[in-house]
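Coordinates as given in structure_17.txt (compact mmCIF, C-alpha atoms and all ligand atoms):
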```txt
# COMPACT_ATOMS: atom_id res chain seq x y z
CA MET D 16 10.61 -2.07 4.06
CA LYS D 17 7.73 -3.93 2.49
CA PHE D 18 6.35 -2.99 -0.94
CA PHE D 19 2.63 -3.33 -1.59
CA VAL D 20 1.27 -2.59 -5.06
CA ASP D 21 -1.71 -0.25 -5.15
CA THR D 22 -3.71 -1.66 -8.05
CA ALA D 23 -6.23 -4.32 -9.09
CA GLU D 24 -4.56 -4.86 -12.49
CA ILE D 25 -3.45 -8.50 -12.57
CA ASP D 26 -0.80 -8.11 -15.30
CA ALA D 27 0.92 -5.25 -13.48
CA ILE D 28 0.93 -7.17 -10.20
CA ALA D 29 2.26 -10.32 -11.91
CA GLU D 30 5.11 -8.43 -13.61
CA LEU D 31 6.38 -6.97 -10.33
CA ASN D 32 5.68 -10.16 -8.39
CA ASP D 33 7.90 -12.15 -10.77
CA LEU D 34 10.76 -9.80 -9.78
CA GLY D 35 10.17 -10.36 -6.07
CA MET D 36 9.01 -6.76 -5.61
CA VAL D 37 5.55 -7.53 -4.21
CA ASP D 38 5.04 -8.11 -0.50
CA GLY D 39 1.31 -7.44 -0.73
CA VAL D 40 -1.41 -5.61 -2.66
CA THR D 41 -3.89 -2.87 -1.80
CA THR D 42 -7.13 -2.26 -3.65
CA ASN D 43 -10.00 0.15 -3.09
CA PRO D 44 -13.40 0.71 -4.75
CA SER D 45 -11.90 3.19 -7.25
CA LEU D 46 -9.20 0.70 -8.28
CA ILE D 47 -11.83 -2.05 -8.68
CA LEU D 48 -13.81 0.32 -10.93
CA LYS D 49 -10.65 1.06 -12.95
CA SER D 50 -9.98 -2.68 -13.40
CA GLY D 51 -13.48 -3.26 -14.79
CA ARG D 52 -13.53 -6.57 -12.90
CA ASP D 53 -15.86 -8.20 -10.36
CA ILE D 54 -14.44 -7.54 -6.87
CA LEU D 55 -14.69 -11.14 -5.64
CA GLU D 56 -13.19 -12.63 -8.80
CA VAL D 57 -10.31 -10.22 -9.22
CA THR D 58 -9.46 -10.27 -5.50
CA LYS D 59 -9.33 -14.08 -5.56
CA GLU D 60 -6.97 -13.98 -8.55
CA ILE D 61 -4.71 -11.49 -6.76
CA CYS D 62 -4.70 -13.60 -3.58
CA ASP D 63 -3.73 -16.70 -5.60
CA LEU D 64 -0.86 -14.79 -7.23
CA VAL D 65 0.62 -13.03 -4.21
CA ASP D 66 1.74 -14.55 -0.91
CA GLY D 67 1.39 -11.41 1.25
CA PRO D 68 -1.64 -9.48 2.50
CA VAL D 69 -4.20 -8.35 -0.11
CA SER D 70 -6.41 -5.49 1.07
CA ALA D 71 -10.05 -5.63 -0.02
CA GLU D 72 -12.27 -2.74 1.08
CA VAL D 73 -15.76 -2.85 2.54
CA VAL D 74 -18.28 -0.36 1.16
CA ALA D 75 -21.05 -0.42 3.79
CA THR D 76 -21.14 2.51 6.21
CA GLU D 77 -22.89 0.92 9.24
CA ALA D 78 -20.83 -1.35 11.50
CA ASP D 79 -23.06 -4.45 11.27
CA ASP D 80 -23.04 -4.33 7.47
CA MET D 81 -19.33 -3.58 7.38
CA ILE D 82 -18.63 -6.58 9.60
CA ALA D 83 -20.76 -8.81 7.36
CA GLU D 84 -18.98 -7.53 4.23
CA GLY D 85 -15.60 -7.95 5.93
CA ARG D 86 -16.37 -11.57 6.85
CA LYS D 87 -17.44 -12.26 3.26
CA LEU D 88 -14.27 -10.69 1.83
CA ALA D 89 -12.17 -12.60 4.38
CA LYS D 90 -13.54 -15.88 3.01
CA ILE D 91 -11.90 -15.19 -0.38
CA ALA D 92 -8.48 -16.31 0.90
CA PRO D 93 -6.40 -16.52 4.09
CA ASN D 94 -4.21 -13.59 2.98
CA ILE D 95 -7.06 -11.06 2.82
CA ALA D 96 -6.67 -7.91 4.90
CA VAL D 97 -10.13 -6.38 5.30
CA LYS D 98 -9.90 -2.67 4.58
CA VAL D 99 -12.18 -0.34 6.55
CA PRO D 100 -12.42 3.45 6.55
CA LEU D 101 -11.39 5.43 9.61
CA THR D 102 -14.89 6.14 10.93
CA TRP D 103 -16.41 5.01 14.25
CA ALA D 104 -18.21 2.25 12.34
CA GLY D 105 -14.91 1.32 10.71
CA LEU D 106 -13.18 1.19 14.09
CA LYS D 107 -15.93 -1.03 15.51
CA THR D 108 -15.52 -3.30 12.51
CA CYS D 109 -11.75 -3.28 12.98
CA LYS D 110 -12.07 -4.31 16.64
CA THR D 111 -14.57 -7.08 15.90
CA LEU D 112 -12.66 -8.57 12.98
CA SER D 113 -9.22 -8.23 14.56
CA ASP D 114 -10.54 -9.99 17.70
CA GLU D 115 -11.55 -12.82 15.36
CA GLY D 116 -7.95 -13.03 14.15
CA GLN D 117 -8.57 -11.28 10.85
CA MET D 118 -5.99 -8.86 9.35
CA VAL D 119 -7.50 -5.37 9.11
CA ASN D 120 -6.19 -2.35 7.21
CA VAL D 121 -7.69 0.93 8.45
CA THR D 122 -7.68 3.35 5.53
CA LEU D 123 -8.34 7.04 4.85
CA CYS D 124 -6.21 8.13 7.82
CA PHE D 125 -5.32 11.82 7.86
CA SER D 126 -4.28 12.50 11.47
CA VAL D 127 -2.18 11.11 14.30
CA ASN D 128 -5.25 10.89 16.54
CA GLN D 129 -7.00 8.70 13.96
CA ALA D 130 -3.91 6.50 13.82
CA ILE D 131 -3.93 6.08 17.61
CA LEU D 132 -7.58 4.99 17.53
CA ALA D 133 -6.87 2.44 14.79
CA ALA D 134 -3.97 0.95 16.77
CA LYS D 135 -6.13 0.70 19.89
CA ALA D 136 -8.85 -1.02 17.83
CA GLY D 137 -6.32 -3.70 16.85
CA ALA D 138 -5.55 -2.66 13.27
CA THR D 139 -2.89 -4.72 11.50
CA PHE D 140 -2.15 -1.77 9.20
CA ILE D 141 -2.87 1.94 9.34
CA SER D 142 -2.96 3.70 5.96
CA PRO D 143 -2.12 7.42 6.16
CA PHE D 144 -2.71 9.07 2.76
CA ILE D 145 0.33 11.19 1.85
CA GLY D 146 -0.60 12.44 -1.63
CA ARG D 147 -4.10 13.56 -0.68
CA LEU D 148 -2.69 15.70 2.17
CA ASP D 149 -0.08 17.19 -0.18
CA ASP D 150 -2.92 17.93 -2.63
CA ILE D 151 -4.45 20.35 -0.12
CA ASN D 152 -1.12 21.97 0.77
CA LEU D 153 -0.61 19.97 3.97
CA ASP D 154 2.44 17.80 4.59
CA GLY D 155 1.69 14.10 4.13
CA MET D 156 5.20 13.07 5.06
CA GLU D 157 5.00 14.94 8.36
CA LEU D 158 2.00 12.75 9.23
CA ILE D 159 4.01 9.57 8.56
CA ALA D 160 6.81 10.87 10.82
CA ASP D 161 4.38 11.85 13.59
CA ILE D 162 2.62 8.46 13.54
CA ARG D 163 6.01 6.70 13.60
CA GLN D 164 7.03 8.68 16.67
CA VAL D 165 3.77 8.14 18.54
CA TYR D 166 3.57 4.42 17.73
CA ASP D 167 7.18 4.01 18.89
CA ASN D 168 6.52 6.03 22.07
CA TYR D 169 3.88 3.53 23.15
CA GLY D 170 4.96 0.33 21.41
CA PHE D 171 1.88 0.08 19.18
CA GLU D 172 2.38 -2.88 16.85
CA THR D 173 0.10 -1.66 14.05
CA GLU D 174 2.18 -1.36 10.88
CA ILE D 175 2.39 2.02 9.17
CA LEU D 176 1.38 1.53 5.55
CA ALA D 177 2.28 4.76 3.75
CA ALA D 178 -0.46 5.18 1.12
CA SER D 179 -1.53 7.61 -1.59
CA ILE D 180 2.06 7.62 -2.81
CA ARG D 181 2.46 9.65 -5.97
CA THR D 182 6.22 10.13 -6.39
CA VAL D 183 9.48 8.30 -5.93
CA ASN D 184 10.44 10.87 -3.29
CA HIS D 185 7.44 9.75 -1.22
CA VAL D 186 9.00 6.26 -1.22
CA THR D 187 12.46 7.55 -0.20
CA ASP D 188 11.07 9.74 2.56
CA SER D 189 8.80 6.95 3.88
CA ALA D 190 11.85 4.66 4.04
CA ARG D 191 13.91 7.31 5.86
CA ILE D 192 11.16 7.84 8.42
CA GLY D 193 10.72 4.12 8.94
CA ALA D 194 7.25 3.42 7.56
CA ASP D 195 6.81 -0.36 7.73
CA VAL D 196 5.21 -0.62 4.29
CA ILE D 197 4.62 1.59 1.26
CA THR D 198 1.83 1.00 -1.19
CA ALA D 199 2.36 2.59 -4.58
CA PRO D 200 1.01 2.31 -8.12
CA PRO D 201 3.08 0.01 -10.38
CA GLY D 202 4.34 3.02 -12.35
CA VAL D 203 5.88 4.62 -9.26
CA ILE D 204 7.55 1.35 -8.22
CA LYS D 205 9.05 0.94 -11.71
CA LYS D 206 10.30 4.55 -11.67
CA LEU D 207 12.42 3.75 -8.59
CA ALA D 208 14.93 2.16 -11.01
CA ASP D 209 15.37 5.35 -13.04
CA HIS D 210 18.39 7.66 -12.79
CA PRO D 211 19.66 9.97 -15.57
CA LEU D 212 23.29 9.16 -14.71
CA THR D 213 22.55 5.44 -15.14
CA ASP D 214 21.18 6.16 -18.64
CA LYS D 215 24.10 8.45 -19.49
CA GLY D 216 26.69 6.01 -18.13
CA LEU D 217 25.20 3.09 -20.05
CA GLU D 218 25.13 5.12 -23.27
CA SER D 219 28.83 5.88 -22.98
CA PHE D 220 29.78 2.29 -22.04
CA LEU D 221 27.85 0.96 -25.05
CA SER D 222 29.42 3.50 -27.37
CA ASP D 223 32.94 2.55 -26.21
CA TRP D 224 32.08 -1.13 -26.40
CA ALA D 225 31.00 -0.76 -30.04
CA LYS D 226 34.46 0.73 -30.80
CA THR D 227 36.19 -2.40 -29.44
CA GLY D 228 34.56 -4.51 -32.18
CA GLN D 229 34.19 -7.32 -29.63
CA LYS D 230 31.20 -9.53 -28.78
CA ILE D 231 30.39 -11.41 -25.58
CA LEU D 232 27.98 -13.83 -27.22
C1 LIG D 301 -4.36 2.93 -0.32
O1 LIG D 301 -4.57 1.81 0.12
C2 LIG D 301 -5.16 3.57 -1.36
O2 LIG D 301 -5.66 2.55 -2.20
C3 LIG D 301 -4.37 4.49 -2.25
O3 LIG D 301 -3.01 4.56 -1.85
C4 LIG D 301 -5.01 5.81 -2.50
O4 LIG D 301 -4.17 6.54 -3.36
P1 LIG D 301 -4.70 7.84 -4.14
O5 LIG D 301 -4.83 8.97 -3.17
O6 LIG D 301 -3.64 8.10 -5.16
O7 LIG D 301 -6.03 7.47 -4.75
```

Can you dump the structure from the file as structure tokens?
Amino acid sequence: MKFFVDTAEIDAIAELNDLGMVDGVTTNPSLILKSGRDILEVTKEICDLVDGPVSAEVVATEADDMIAEGRKLAKIAPNIAVKVPLTWAGLKTCKTLSDEGQMVNVTLCFSVNQAILAAKAGATFISPFIGRLDDINLDGMELIADIRQVYDNYGFETEILAASIRTVNHVTDSARIGADVITAPPGVIKKLADHPLTDKGLESFLSDWAKTGQKIL
């Protein structure tokens, strides 16, 4: 399973990247706003830091403008994945750019039917949003499972990029289902290391070690 980091914060990406935890990065207009950085500058820095795909999102809503924005974003670096919303204009953009050999991430996916359309339009990644479905009392994880089944039924090669991940359980469940990639905020990725029994076990080992009076160094 590949791990993408869902942020435009350079320091957070660098910290996880140094540990080999970063297979790619996803950004969106809200994350660019949060970073306070210029989109072209910060995206270039991320692309220089990370080897894998870096998603940069278009903001136009008409296909011609989206395609032009996508081509401009694609020029930032070879590892850019142009991110487009799952609208008809976004699908047209996806088809045009993917035919040109460009990686495309189709985002804001909330149904299996949308995921089928993205695959047929040549998407490299489909991003179903788990947390935002859970927020309205629907089941985000069920959507990941349904897309997995349908893509496997027909051999679609588009990678399922489980997005809008809010909890460590979203990561576990995505892995069980067989999502190709998860994208999660740095905080969620770091929390994957936590377990109360690890903390408790370490506390007792250290307490016993102190009683031995020994030192390793
Ligand atoms: C995915 O690419 C999106 O950037 C992201 O996962 C959205 O997450 P949110 O619903 O927590 O904003």

What gap, in Å, lies between CA of Ser142 in chain D and CA of Ile47 in chain D?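 Between CA of Ser142 in chain D and CA of Ile47 in chain D the gap works out to 18.1 Å.
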
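Checking D:Lys49, D:Arg191, D:His210, D:Lys135 one by one against ligand LIG 301 (chain D), counting only C-alpha atoms and all ligand atoms, you find the shortest gap at D:Lys49.
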
Would you be able to write out as an MDAnalysis selection string which residues have an atom within 12 Å of (-9.8, -5.8, 2.7) in the file's coordinates, counting only C-alpha atoms? chainID D and resid 39:44 54:55 58:59 62 68:74 81:82 84:100 105 108:109 112 117:122 138:140

Length of the CA of Glu30 in chain D to CA of Ala194 in chain D vector [Å]: 24.4 Å

Please give me, as JSON, numbers by chain, the residues lying within 8 Å of ligand LIG 301 (chain D) when counting only C-alpha atoms and all ligand atoms. {"D": [21, 22, 41, 42, 43, 45, 46, 70, 122, 123, 142, 144, 145, 146, 147, 177, 178, 179, 180, 181, 198, 199, 200]}

Kindly complete range 103-114 of chain D to all heavy atoms; the output should be written as a PDB file, in the frame of the given file.
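Full text of part-v1.pdb as output:
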```pdb
ATOM      1  N   TRP D 103     -16.097   5.801  13.046  1.00  0.00           N
ATOM      2  CA  TRP D 103     -16.410   5.010  14.250  1.00  0.00           C
ATOM      3  C   TRP D 103     -16.891   3.630  13.843  1.00  0.00           C
ATOM      4  O   TRP D 103     -16.528   2.628  14.458  1.00  0.00           O
ATOM      5  CB  TRP D 103     -17.453   5.705  15.120  1.00  0.00           C
ATOM      6  CG  TRP D 103     -16.796   6.665  16.067  1.00  0.00           C
ATOM      7  CD1 TRP D 103     -16.939   8.015  16.087  1.00  0.00           C
ATOM      8  CD2 TRP D 103     -15.868   6.345  17.120  1.00  0.00           C
ATOM      9  NE1 TRP D 103     -16.153   8.563  17.083  1.00  0.00           N
ATOM     10  CE2 TRP D 103     -15.487   7.556  17.733  1.00  0.00           C
ATOM     11  CE3 TRP D 103     -15.313   5.157  17.592  1.00  0.00           C
ATOM     12  CZ2 TRP D 103     -14.594   7.617  18.799  1.00  0.00           C
ATOM     13  CZ3 TRP D 103     -14.418   5.205  18.657  1.00  0.00           C
ATOM     14  CH2 TRP D 103     -14.065   6.425  19.242  1.00  0.00           C
ATOM     15  N   ALA D 104     -17.726   3.559  12.785  1.00  0.00           N
ATOM     16  CA  ALA D 104     -18.210   2.250  12.340  1.00  0.00           C
ATOM     17  C   ALA D 104     -17.035   1.395  11.853  1.00  0.00           C
ATOM     18  O   ALA D 104     -16.978   0.180  12.101  1.00  0.00           O
ATOM     19  CB  ALA D 104     -19.248   2.420  11.235  1.00  0.00           C
ATOM     20  N   GLY D 105     -16.092   2.043  11.182  1.00  0.00           N
ATOM     21  CA  GLY D 105     -14.910   1.320  10.710  1.00  0.00           C
ATOM     22  C   GLY D 105     -14.074   0.803  11.872  1.00  0.00           C
ATOM     23  O   GLY D 105     -13.542  -0.311  11.833  1.00  0.00           O
ATOM     24  N   LEU D 106     -13.957   1.614  12.914  1.00  0.00           N
ATOM     25  CA  LEU D 106     -13.180   1.190  14.090  1.00  0.00           C
ATOM     26  C   LEU D 106     -13.854   0.031  14.808  1.00  0.00           C
ATOM     27  O   LEU D 106     -13.193  -0.901  15.266  1.00  0.00           O
ATOM     28  CB  LEU D 106     -12.964   2.376  15.040  1.00  0.00           C
ATOM     29  CG  LEU D 106     -12.031   3.477  14.499  1.00  0.00           C
ATOM     30  CD1 LEU D 106     -12.113   4.736  15.361  1.00  0.00           C
ATOM     31  CD2 LEU D 106     -10.581   2.985  14.403  1.00  0.00           C
ATOM     32  N   LYS D 107     -15.200   0.090  14.890  1.00  0.00           N
ATOM     33  CA  LYS D 107     -15.930  -1.030  15.510  1.00  0.00           C
ATOM     34  C   LYS D 107     -15.693  -2.302  14.704  1.00  0.00           C
ATOM     35  O   LYS D 107     -15.463  -3.387  15.254  1.00  0.00           O
ATOM     36  CB  LYS D 107     -17.442  -0.753  15.498  1.00  0.00           C
ATOM     37  CG  LYS D 107     -17.921   0.089  16.647  1.00  0.00           C
ATOM     38  CD  LYS D 107     -19.457   0.162  16.608  1.00  0.00           C
ATOM     39  CE  LYS D 107     -19.958   1.339  17.409  1.00  0.00           C
ATOM     40  NZ  LYS D 107     -21.346   1.670  17.153  1.00  0.00           N
ATOM     41  N   THR D 108     -15.746  -2.162  13.393  1.00  0.00           N
ATOM     42  CA  THR D 108     -15.520  -3.300  12.510  1.00  0.00           C
ATOM     43  C   THR D 108     -14.098  -3.833  12.697  1.00  0.00           C
ATOM     44  O   THR D 108     -13.870  -5.048  12.787  1.00  0.00           O
ATOM     45  CB  THR D 108     -15.736  -2.887  11.033  1.00  0.00           C
ATOM     46  OG1 THR D 108     -17.043  -2.325  10.938  1.00  0.00           O
ATOM     47  CG2 THR D 108     -15.599  -4.049  10.084  1.00  0.00           C
ATOM     48  N   CYS D 109     -13.152  -2.911  12.784  1.00  0.00           N
ATOM     49  CA  CYS D 109     -11.750  -3.280  12.980  1.00  0.00           C
ATOM     50  C   CYS D 109     -11.603  -4.101  14.264  1.00  0.00           C
ATOM     51  O   CYS D 109     -10.974  -5.170  14.273  1.00  0.00           O
ATOM     52  CB  CYS D 109     -10.891  -2.016  13.042  1.00  0.00           C
ATOM     53  SG  CYS D 109      -9.162  -2.346  13.410  1.00  0.00           S
ATOM     54  N   LYS D 110     -12.197  -3.623  15.344  1.00  0.00           N
ATOM     55  CA  LYS D 110     -12.070  -4.310  16.640  1.00  0.00           C
ATOM     56  C   LYS D 110     -12.688  -5.711  16.569  1.00  0.00           C
ATOM     57  O   LYS D 110     -12.081  -6.701  16.996  1.00  0.00           O
ATOM     58  CB  LYS D 110     -12.763  -3.454  17.711  1.00  0.00           C
ATOM     59  CG  LYS D 110     -12.813  -4.086  19.076  1.00  0.00           C
ATOM     60  CD  LYS D 110     -11.458  -4.010  19.787  1.00  0.00           C
ATOM     61  CE  LYS D 110     -11.528  -4.550  21.202  1.00  0.00           C
ATOM     62  NZ  LYS D 110     -10.586  -5.629  21.433  1.00  0.00           N
ATOM     63  N   THR D 111     -13.890  -5.783  15.973  1.00  0.00           N
ATOM     64  CA  THR D 111     -14.570  -7.080  15.900  1.00  0.00           C
ATOM     65  C   THR D 111     -13.768  -8.078  15.064  1.00  0.00           C
ATOM     66  O   THR D 111     -13.521  -9.212  15.478  1.00  0.00           O
ATOM     67  CB  THR D 111     -15.977  -6.912  15.282  1.00  0.00           C
ATOM     68  OG1 THR D 111     -16.703  -5.996  16.093  1.00  0.00           O
ATOM     69  CG2 THR D 111     -16.731  -8.231  15.204  1.00  0.00           C
ATOM     70  N   LEU D 112     -13.353  -7.632  13.880  1.00  0.00           N
ATOM     71  CA  LEU D 112     -12.660  -8.570  12.980  1.00  0.00           C
ATOM     72  C   LEU D 112     -11.257  -8.904  13.493  1.00  0.00           C
ATOM     73  O   LEU D 112     -10.809 -10.051  13.370  1.00  0.00           O
ATOM     74  CB  LEU D 112     -12.585  -7.988  11.563  1.00  0.00           C
ATOM     75  CG  LEU D 112     -13.937  -7.794  10.849  1.00  0.00           C
ATOM     76  CD1 LEU D 112     -13.718  -7.241   9.439  1.00  0.00           C
ATOM     77  CD2 LEU D 112     -14.744  -9.074  10.778  1.00  0.00           C
ATOM     78  N   SER D 113     -10.569  -7.918  14.071  1.00  0.00           N
ATOM     79  CA  SER D 113      -9.220  -8.230  14.560  1.00  0.00           C
ATOM     80  C   SER D 113      -9.300  -9.179  15.758  1.00  0.00           C
ATOM     81  O   SER D 113      -8.454 -10.057  15.919  1.00  0.00           O
ATOM     82  CB  SER D 113      -8.402  -6.978  14.859  1.00  0.00           C
ATOM     83  OG  SER D 113      -9.014  -6.228  15.855  1.00  0.00           O
ATOM     84  N   ASP D 114     -10.354  -9.033  16.589  1.00  0.00           N
ATOM     85  CA  ASP D 114     -10.540  -9.990  17.700  1.00  0.00           C
ATOM     86  C   ASP D 114     -10.786 -11.412  17.181  1.00  0.00           C
ATOM     87  O   ASP D 114     -10.515 -12.387  17.885  1.00  0.00           O
ATOM     88  CB  ASP D 114     -11.733  -9.573  18.583  1.00  0.00           C
ATOM     89  CG  ASP D 114     -11.360  -8.450  19.553  1.00  0.00           C
ATOM     90  OD1 ASP D 114     -10.157  -8.099  19.630  1.00  0.00           O
ATOM     91  OD2 ASP D 114     -12.265  -7.912  20.206  1.00  0.00           O
TER      92      ASP D 114
END
```
